[in-house]
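So this block is entry08.cif, mmCIF, C-alpha atoms:
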data_start
loop_
_atom_site.label_atom_id
_atom_site.label_comp_id
_atom_site.auth_asym_id
_atom_site.auth_seq_id
_atom_site.Cartn_x
_atom_site.Cartn_y
_atom_site.Cartn_z
CA MET A 1 0.00 0.00 0.00
CA SER A 2 1.34 3.36 -1.03
CA ALA A 3 2.29 5.72 1.76
CA GLN A 4 1.40 8.61 -0.57
CA ARG A 5 -2.30 7.78 -0.49
CA PRO A 6 -4.39 10.47 1.30
CA LEU A 7 -5.89 9.19 4.54
CA SER A 8 -9.21 10.24 6.11
CA PRO A 9 -9.89 13.02 7.03
CA PHE A 10 -6.93 14.56 5.14
CA MET A 11 -8.44 13.67 1.76
CA ILE A 12 -10.86 16.59 2.17
CA GLY A 13 -9.96 19.46 -0.14
CA PRO A 14 -7.85 18.50 -3.15
CA TYR A 15 -9.03 14.87 -3.33
CA TYR A 16 -12.56 14.92 -1.99
CA ARG A 17 -15.28 17.55 -2.15
CA PRO A 18 -17.23 17.74 1.14
CA GLN A 19 -21.02 17.61 0.84
CA LEU A 20 -23.72 19.11 3.06
CA THR A 21 -24.53 15.64 4.37
CA SER A 22 -21.02 14.77 5.53
CA VAL A 23 -20.35 18.24 6.95
CA LEU A 24 -23.59 18.19 8.98
CA SER A 25 -22.78 14.66 10.14
CA ILE A 26 -19.41 15.61 11.61
CA LEU A 27 -20.89 18.86 12.93
CA HIS A 28 -23.37 16.77 14.95
CA ARG A 29 -20.47 15.01 16.63
CA ILE A 30 -18.47 18.24 17.14
CA THR A 31 -21.45 20.09 18.67
CA GLY A 32 -22.17 17.06 20.86
CA LEU A 33 -18.62 17.10 22.22
CA PHE A 34 -18.74 20.87 22.63
CA LEU A 35 -21.95 20.59 24.64
CA CYS A 36 -19.98 18.60 27.23
CA LEU A 37 -18.23 21.90 28.02
CA GLY A 38 -21.57 23.69 28.19
CA THR A 39 -22.89 20.99 30.53
CA ILE A 40 -19.88 21.36 32.82
CA ALA A 41 -20.55 25.11 32.90
CA LEU A 42 -24.23 24.48 33.73
CA VAL A 43 -23.30 22.09 36.54
CA ALA A 44 -20.84 24.71 37.83
CA TRP A 45 -23.63 27.33 37.76
CA ILE A 46 -25.98 25.12 39.80
CA PHE A 47 -23.23 24.14 42.24
CA ALA A 48 -22.13 27.75 42.71
CA LEU A 49 -25.75 28.76 43.27
CA ALA A 50 -26.09 26.10 45.98
CA SER A 51 -22.77 27.07 47.58
CA GLY A 52 -23.77 30.63 48.42
CA PRO A 53 -23.48 34.28 47.29
CA ASP A 54 -19.66 34.35 47.29
CA SER A 55 -19.29 31.29 45.06
CA TYR A 56 -22.05 32.60 42.83
CA ALA A 57 -20.27 35.96 42.49
CA THR A 58 -17.07 34.17 41.49
CA PHE A 59 -18.96 32.15 38.89
CA ALA A 60 -20.79 35.23 37.60
CA GLY A 61 -17.47 37.09 37.29
CA LEU A 62 -16.16 34.34 35.00
CA ALA A 63 -19.46 33.98 33.13
CA HIS A 64 -19.75 37.68 32.33
CA GLY A 65 -16.22 37.82 30.90
CA VAL A 66 -15.43 37.50 27.21
CA ILE A 67 -14.68 33.75 27.42
CA GLY A 68 -17.88 33.11 29.39
CA LYS A 69 -20.02 34.99 26.89
CA LEU A 70 -18.32 33.25 23.99
CA LEU A 71 -18.88 29.86 25.63
CA LEU A 72 -22.54 30.70 26.25
CA ALA A 73 -23.21 31.86 22.69
CA SER A 74 -21.38 28.92 21.10
CA SER A 75 -23.08 26.46 23.47
CA VAL A 76 -26.49 27.85 22.54
CA PHE A 77 -25.67 27.41 18.86
CA ALA A 78 -24.31 23.90 19.51
CA LEU A 79 -27.48 22.98 21.43
CA CYS A 80 -29.83 24.41 18.76
CA TYR A 81 -27.95 22.58 16.01
CA HIS A 82 -27.62 19.30 17.94
CA LEU A 83 -31.32 19.47 18.87
CA GLY A 84 -32.47 20.11 15.28
CA ASN A 85 -30.15 17.55 13.74
CA GLY A 86 -30.94 15.09 16.54
CA ILE A 87 -34.62 15.24 15.61
CA ARG A 88 -33.52 14.66 11.98
CA HIS A 89 -31.65 11.58 13.20
CA LEU A 90 -34.74 10.32 15.07
CA PHE A 91 -36.76 10.49 11.85
CA TRP A 92 -34.03 8.48 10.11
CA ASP A 93 -34.12 5.96 12.97
CA ALA A 94 -37.84 5.59 12.24
CA GLY A 95 -36.92 4.84 8.62
CA ARG A 96 -38.16 8.15 7.21
CA GLY A 97 -36.54 10.88 5.13
CA PHE A 98 -33.80 8.81 3.48
CA GLU A 99 -34.40 9.99 -0.10
CA LEU A 100 -31.52 12.20 -1.25
CA LYS A 101 -33.90 15.12 -1.80
CA SER A 102 -35.33 14.79 1.75
CA VAL A 103 -31.87 14.43 3.26
CA TYR A 104 -30.77 17.72 1.67
CA ALA A 105 -34.06 19.51 2.45
CA SER A 106 -33.93 18.48 6.14
CA GLY A 107 -30.23 19.36 6.24
CA TYR A 108 -30.82 22.92 5.04
CA ALA A 109 -33.84 23.19 7.36
CA VAL A 110 -31.68 22.23 10.35
CA VAL A 111 -29.03 24.84 9.44
CA VAL A 112 -31.67 27.57 9.12
CA PHE A 113 -33.33 26.45 12.38
CA ALA A 114 -30.01 26.45 14.25
CA VAL A 115 -29.10 29.98 13.13
CA VAL A 116 -32.57 31.49 13.72
CA ALA A 117 -33.09 29.71 17.07
CA THR A 118 -29.63 30.74 18.31
CA ALA A 119 -30.31 34.38 17.48
CA GLY A 120 -33.78 34.21 19.06
CA VAL A 121 -32.61 32.53 22.27
CA LEU A 122 -29.67 34.91 22.72
CA LEU A 123 -31.95 37.92 22.20
CA LEU A 124 -34.43 36.46 24.71
CA ALA A 125 -31.67 35.74 27.25
CA GLY A 126 -30.09 39.15 26.72
CA GLY A 127 -33.44 40.95 27.00
CA ALA A 128 -34.25 39.29 30.33
CA ARG A 129 -31.13 40.73 31.97
CA MET B 1 -18.99 -22.97 34.08
CA SER B 2 -21.79 -22.43 31.63
CA LEU B 3 -23.27 -25.20 29.54
CA ARG B 4 -24.47 -22.72 26.90
CA THR B 5 -22.67 -22.73 23.57
CA PRO B 6 -20.46 -19.77 22.63
CA LEU B 7 -23.02 -18.88 19.94
CA ALA B 8 -25.84 -18.74 22.50
CA HIS B 9 -23.72 -16.44 24.65
CA VAL B 10 -23.02 -13.93 21.94
CA ARG B 11 -26.29 -14.08 19.99
CA GLY B 12 -28.08 -10.77 20.08
CA LEU B 13 -25.33 -9.13 22.09
CA GLY B 14 -22.61 -8.57 19.50
CA SER B 15 -18.96 -7.72 20.03
CA ALA B 16 -19.68 -4.94 22.54
CA LYS B 17 -21.51 -7.49 24.78
CA ASP B 18 -24.38 -5.15 25.52
CA GLY B 19 -26.59 -5.77 22.49
CA THR B 20 -28.71 -2.84 21.37
CA SER B 21 -28.91 -1.16 24.77
CA HIS B 22 -26.31 1.53 24.00
CA TRP B 23 -28.03 2.52 20.74
CA TRP B 24 -31.47 2.34 22.33
CA MET B 25 -30.66 4.40 25.44
CA GLN B 26 -29.04 7.06 23.24
CA ARG B 27 -32.44 7.41 21.51
CA VAL B 28 -34.51 7.20 24.69
CA THR B 29 -32.49 10.00 26.29
CA ALA B 30 -32.66 11.98 23.02
CA VAL B 31 -36.47 11.82 22.98
CA LEU B 32 -36.54 12.99 26.61
CA LEU B 33 -33.99 15.74 25.97
CA ALA B 34 -35.78 17.30 22.99
CA PRO B 35 -38.59 18.93 25.02
CA LEU B 36 -36.32 19.51 28.04
CA SER B 37 -33.81 21.37 25.83
CA ILE B 38 -36.54 23.62 24.44
CA TRP B 39 -37.67 24.38 28.01
CA PHE B 40 -34.08 25.08 28.99
CA LEU B 41 -33.41 27.44 26.08
CA LEU B 42 -36.65 29.40 26.55
CA CYS B 43 -37.17 29.39 30.35
CA ALA B 44 -33.90 28.56 32.11
CA LEU B 45 -31.25 30.24 29.97
CA PRO B 46 -32.37 33.82 30.78
CA LEU B 47 -31.76 32.95 34.48
CA LEU B 48 -28.05 32.25 33.92
CA GLY B 49 -27.42 35.99 34.02
CA ALA B 50 -29.70 36.65 36.99
CA ASN B 51 -28.48 37.80 40.40
CA TYR B 52 -28.05 35.33 43.26
CA ALA B 53 -31.41 35.87 45.00
CA ASP B 54 -33.49 35.73 41.81
CA ALA B 55 -31.70 32.62 40.54
CA ARG B 56 -32.12 30.89 43.93
CA VAL B 57 -35.85 31.66 44.09
CA TRP B 58 -36.36 30.49 40.52
CA LEU B 59 -34.50 27.19 40.93
CA ALA B 60 -36.19 26.51 44.30
CA GLN B 61 -39.59 26.29 42.59
CA PRO B 62 -40.52 22.58 42.47
CA LEU B 63 -41.19 22.44 38.73
CA ASN B 64 -37.90 24.19 37.91
CA SER B 65 -35.88 21.98 40.31
CA PHE B 66 -37.48 18.91 38.79
CA LEU B 67 -36.95 19.94 35.16
CA ILE B 68 -33.35 21.14 35.61
CA LEU B 69 -32.39 17.93 37.42
CA ALA B 70 -34.14 15.79 34.79
CA LEU B 71 -32.34 17.76 32.08
CA VAL B 72 -28.85 17.55 33.59
CA LEU B 73 -29.10 13.85 34.50
CA ALA B 74 -30.44 12.94 31.04
CA VAL B 75 -27.74 15.11 29.42
CA ILE B 76 -25.01 13.38 31.44
CA TYR B 77 -26.30 9.94 30.42
CA HIS B 78 -26.70 10.98 26.78
CA ALA B 79 -23.25 12.64 26.71
CA LEU B 80 -21.63 9.59 28.30
CA LEU B 81 -23.03 7.33 25.58
CA GLY B 82 -22.00 9.78 22.86
CA VAL B 83 -18.46 10.45 24.10
CA GLN B 84 -17.99 6.70 24.56
CA VAL B 85 -18.52 6.17 20.82
CA VAL B 86 -16.13 9.00 19.94
CA VAL B 87 -13.46 7.49 22.19
CA GLU B 88 -14.00 4.02 20.70
CA ASP B 89 -13.77 5.48 17.19
CA TYR B 90 -10.60 7.52 17.58
CA ILE B 91 -8.48 5.97 20.35
CA HIS B 92 -6.84 2.81 19.07
CA THR B 93 -4.47 2.15 21.97
CA ARG B 94 -6.40 -0.28 24.13
CA TRP B 95 -5.05 0.72 27.57
CA LEU B 96 -5.55 4.41 26.82
CA GLU B 97 -9.10 3.71 25.58
CA VAL B 98 -9.93 1.92 28.85
CA VAL B 99 -8.40 4.73 30.92
CA VAL B 100 -10.36 7.41 29.04
CA LEU B 101 -13.64 5.43 29.08
CA THR B 102 -13.29 4.84 32.82
CA SER B 103 -12.41 8.51 33.41
CA ILE B 104 -15.47 9.82 31.57
CA ARG B 105 -17.67 7.45 33.58
CA LEU B 106 -16.19 8.78 36.83
CA ILE B 107 -16.59 12.40 35.70
CA ALA B 108 -20.21 11.70 34.69
CA PHE B 109 -20.91 10.07 38.06
CA LEU B 110 -19.38 12.98 40.00
CA ALA B 111 -21.19 15.58 37.88
CA ALA B 112 -24.53 13.79 38.42
CA LEU B 113 -23.90 13.57 42.16
CA ALA B 114 -22.85 17.24 42.44
CA THR B 115 -25.90 18.42 40.51
CA SER B 116 -28.31 16.25 42.51
CA LEU B 117 -26.98 17.47 45.86
CA ALA B 118 -26.95 21.11 44.72
CA VAL B 119 -30.48 21.07 43.29
CA VAL B 120 -31.91 19.26 46.34
CA ARG B 121 -30.18 21.73 48.65
CA ILE B 122 -31.62 24.71 46.76
CA ALA B 123 -35.06 23.06 46.51
CA VAL B 124 -35.35 22.51 50.26
CA GLY B 125 -33.96 25.98 50.94
CA GLY B 126 -30.90 24.78 52.90
#
Write the structure described by the file as structure tokens, please.
Amino acid sequence: MSAQRPLSPFMIGPYYRPQLTSVLSILHRITGLFLCLGTIALVAWIFALASGPDSYATFAGLAHGVIGKLLLASSVFALCYHLGNGIRHLFWDAGRGFELKSVYASGYAVVVFAVVATAGVLLLAGGAR
Amino acid sequence: MSLRTPLAHVRGLGSAKDGTSHWWMQRVTAVLLAPLSIWFLLCALPLLGANYADARVWLAQPLNSFLILALVLAVIYHALLGVQVVVEDYIHTRWLEVVVLTSIRLIAFLAALATSLAVVRIAVGG
């Protein structure tokens, strides 16, 4: 076997054109992993809240910083995308929506949903403050 | 010693030895998490920026305590199943795979325990 042969995932680009389907597939996994960070942050929020005003102030100081806000916004997007695409997966699990046309239509729908829902939720969360 | 044949042992369970339970529980938790996530995004997320007293009062309400605990526990279970597959896919050194899989189980257990204690404490006003 030739050592020159491009190996996955390094074949993407010059040797292999990514499609919506494969990009959304790996994005589901990436957002899922990213949501682990968001979950840890949520657990920290609850634990700080239970620990008292001082702990909560420490948490809030971190959360209101640039990194905290960035983590919140990207976690909201990751959750909206993972939720939308997860429902797409559940339909596939039920044996529905496998035609190429449906797969692309649901894929674009999930992308639009994720962007719109992220913007809506962040506006709602920002407006409540 | 078992008198069952090797085929009888493995039938329906496959190489992972747990049959379809991993796949199935990933879906069961997903179905539970869909409505809980929508609740979280619409009702709970605005509270993340609230001050201490407001956040405490909100989380102490029985429905909110119940839903946040259901959400976090289901998320931890769902995440554990998901991360397990990622680890199995990408880590090909067996001892390292076992170390990482065991570590994520311990982290998940500790996170579930911490959340349960914290939510109960807030809910009973301790």
Report task. Mind checking which residues fall within 9 Å of B:Ala108, counting all atoms listed in the file, ignoring those fewer than 6 positions away in the same chain, and posting them as a PyMOL selection string? Result -> chain B and resi 76-77+79-80
Report task. Kindly give the distance, in Å, that separates atom CA of A:Leu122 and atom CA of A:Val76, rounded to a single decimal. Result -> 7.7 Å
Contact check, chain B to chain A, at most 10 Å, counting only C-alpha atoms, closest pairs as JSON lines:
{"residue": "B:Arg27", "atom": "CA", "partner": "A:Leu90", "partner_atom": "CA", "distance": 7.4}
{"residue": "B:Ala30", "atom": "CA", "partner": "A:Gly86", "partner_atom": "CA", "distance": 7.4}
{"residue": "B:Val31", "atom": "CA", "partner": "A:Leu90", "partner_atom": "CA", "distance": 8.2}
{"residue": "B:Leu33", "atom": "CA", "partner": "A:Leu83", "partner_atom": "CA", "distance": 8.5}
{"residue": "B:Ala34", "atom": "CA", "partner": "A:Leu83", "partner_atom": "CA", "distance": 6.4}
{"residue": "B:Pro35", "atom": "CA", "partner": "A:Leu83", "partner_atom": "CA", "distance": 9.5}
{"residue": "B:Ser37", "atom": "CA", "partner": "A:Leu83", "partner_atom": "CA", "distance": 7.6}
{"residue": "B:Ile38", "atom": "CA", "partner": "A:Leu83", "partner_atom": "CA", "distance": 8.7}
{"residue": "B:Leu41", "atom": "CA", "partner": "A:Val121", "partner_atom": "CA", "distance": 6.4}
{"residue": "B:Leu42", "atom": "CA", "partner": "A:Val121", "partner_atom": "CA", "distance": 6.7}
{"residue": "B:Cys43", "atom": "CA", "partner": "A:Ala125", "partner_atom": "CA", "distance": 9.0}
{"residue": "B:Ala44", "atom": "CA", "partner": "A:Ala125", "partner_atom": "CA", "distance": 9.0}
{"residue": "B:Leu45", "atom": "CA", "partner": "A:Ala125", "partner_atom": "CA", "distance": 6.2}
{"residue": "B:Pro46", "atom": "CA", "partner": "A:Ala125", "partner_atom": "CA", "distance": 4.1}
{"residue": "B:Leu47", "atom": "CA", "partner": "A:Ala125", "partner_atom": "CA", "distance": 7.8}
{"residue": "B:Leu48", "atom": "CA", "partner": "A:Trp45", "partner_atom": "CA", "distance": 7.6}
{"residue": "B:Gly49", "atom": "CA", "partner": "A:Arg129", "partner_atom": "CA", "distance": 6.4}
{"residue": "B:Ala50", "atom": "CA", "partner": "A:Arg129", "partner_atom": "CA", "distance": 6.6}
{"residue": "B:Asn51", "atom": "CA", "partner": "A:Ala60", "partner_atom": "CA", "distance": 8.6}
{"residue": "B:Tyr52", "atom": "CA", "partner": "A:Pro53", "partner_atom": "CA", "distance": 6.2}
{"residue": "B:Ala53", "atom": "CA", "partner": "A:Pro53", "partner_atom": "CA", "distance": 8.4}
{"residue": "B:Ala55", "atom": "CA", "partner": "A:Leu49", "partner_atom": "CA", "distance": 7.6}
{"residue": "B:Arg56", "atom": "CA", "partner": "A:Leu49", "partner_atom": "CA", "distance": 6.7}
{"residue": "B:Leu59", "atom": "CA", "partner": "A:Ile46", "partner_atom": "CA", "distance": 8.8}
{"residue": "B:Ile68", "atom": "CA", "partner": "A:Ile46", "partner_atom": "CA", "distance": 9.4}
{"residue": "B:Leu69", "atom": "CA", "partner": "A:Ile46", "partner_atom": "CA", "distance": 9.9}
{"residue": "B:Val72", "atom": "CA", "partner": "A:Thr39", "partner_atom": "CA", "distance": 7.5}
{"residue": "B:Val75", "atom": "CA", "partner": "A:Thr39", "partner_atom": "CA", "distance": 7.7}
{"residue": "B:Ile76", "atom": "CA", "partner": "A:Thr39", "partner_atom": "CA", "distance": 8.0}
{"residue": "B:His78", "atom": "CA", "partner": "A:Gly32", "partner_atom": "CA", "distance": 9.6}
{"residue": "B:Ala79", "atom": "CA", "partner": "A:Cys36", "partner_atom": "CA", "distance": 6.8}
{"residue": "B:Leu80", "atom": "CA", "partner": "A:Cys36", "partner_atom": "CA", "distance": 9.2}
{"residue": "B:Gly82", "atom": "CA", "partner": "A:Gly32", "partner_atom": "CA", "distance": 7.6}
{"residue": "B:Val83", "atom": "CA", "partner": "A:Leu33", "partner_atom": "CA", "distance": 6.9}
{"residue": "B:Val85", "atom": "CA", "partner": "A:Arg29", "partner_atom": "CA", "distance": 10.0}
{"residue": "B:Val86", "atom": "CA", "partner": "A:Arg29", "partner_atom": "CA", "distance": 8.1}
{"residue": "B:Ile107", "atom": "CA", "partner": "A:Ile40", "partner_atom": "CA", "distance": 10.0}
{"residue": "B:Ala108", "atom": "CA", "partner": "A:Ile40", "partner_atom": "CA", "distance": 9.8}
{"residue": "B:Ala111", "atom": "CA", "partner": "A:Val43", "partner_atom": "CA", "distance": 7.0}
{"residue": "B:Ala112", "atom": "CA", "partner": "A:Val43", "partner_atom": "CA", "distance": 8.6}
{"residue": "B:Ala114", "atom": "CA", "partner": "A:Phe47", "partner_atom": "CA", "distance": 6.9}
{"residue": "B:Thr115", "atom": "CA", "partner": "A:Val43", "partner_atom": "CA", "distance": 6.0}
{"residue": "B:Ser116", "atom": "CA", "partner": "A:Phe47", "partner_atom": "CA", "distance": 9.4}
{"residue": "B:Leu117", "atom": "CA", "partner": "A:Phe47", "partner_atom": "CA", "distance": 8.5}
{"residue": "B:Ala118", "atom": "CA", "partner": "A:Ala50", "partner_atom": "CA", "distance": 5.2}
{"residue": "B:Val119", "atom": "CA", "partner": "A:Ile46", "partner_atom": "CA", "distance": 7.0}
{"residue": "B:Val120", "atom": "CA", "partner": "A:Ala50", "partner_atom": "CA", "distance": 9.0}
{"residue": "B:Arg121", "atom": "CA", "partner": "A:Ala50", "partner_atom": "CA", "distance": 6.6}
{"residue": "B:Ile122", "atom": "CA", "partner": "A:Ala50", "partner_atom": "CA", "distance": 5.8}
{"residue": "B:Ala123", "atom": "CA", "partner": "A:Ala50", "partner_atom": "CA", "distance": 9.5}
{"residue": "B:Gly125", "atom": "CA", "partner": "A:Ala50", "partner_atom": "CA", "distance": 9.3}
{"residue": "B:Gly126", "atom": "CA", "partner": "A:Ala50", "partner_atom": "CA", "distance": 8.5}
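Taking atom CA of A:Gly38 as the reference point, atom CA of A:Gln19 is found at 28.0 Å.
Interatomic distance, atom CA of A:Tyr15 to atom CA of A:Asn85: 27.3 Å.
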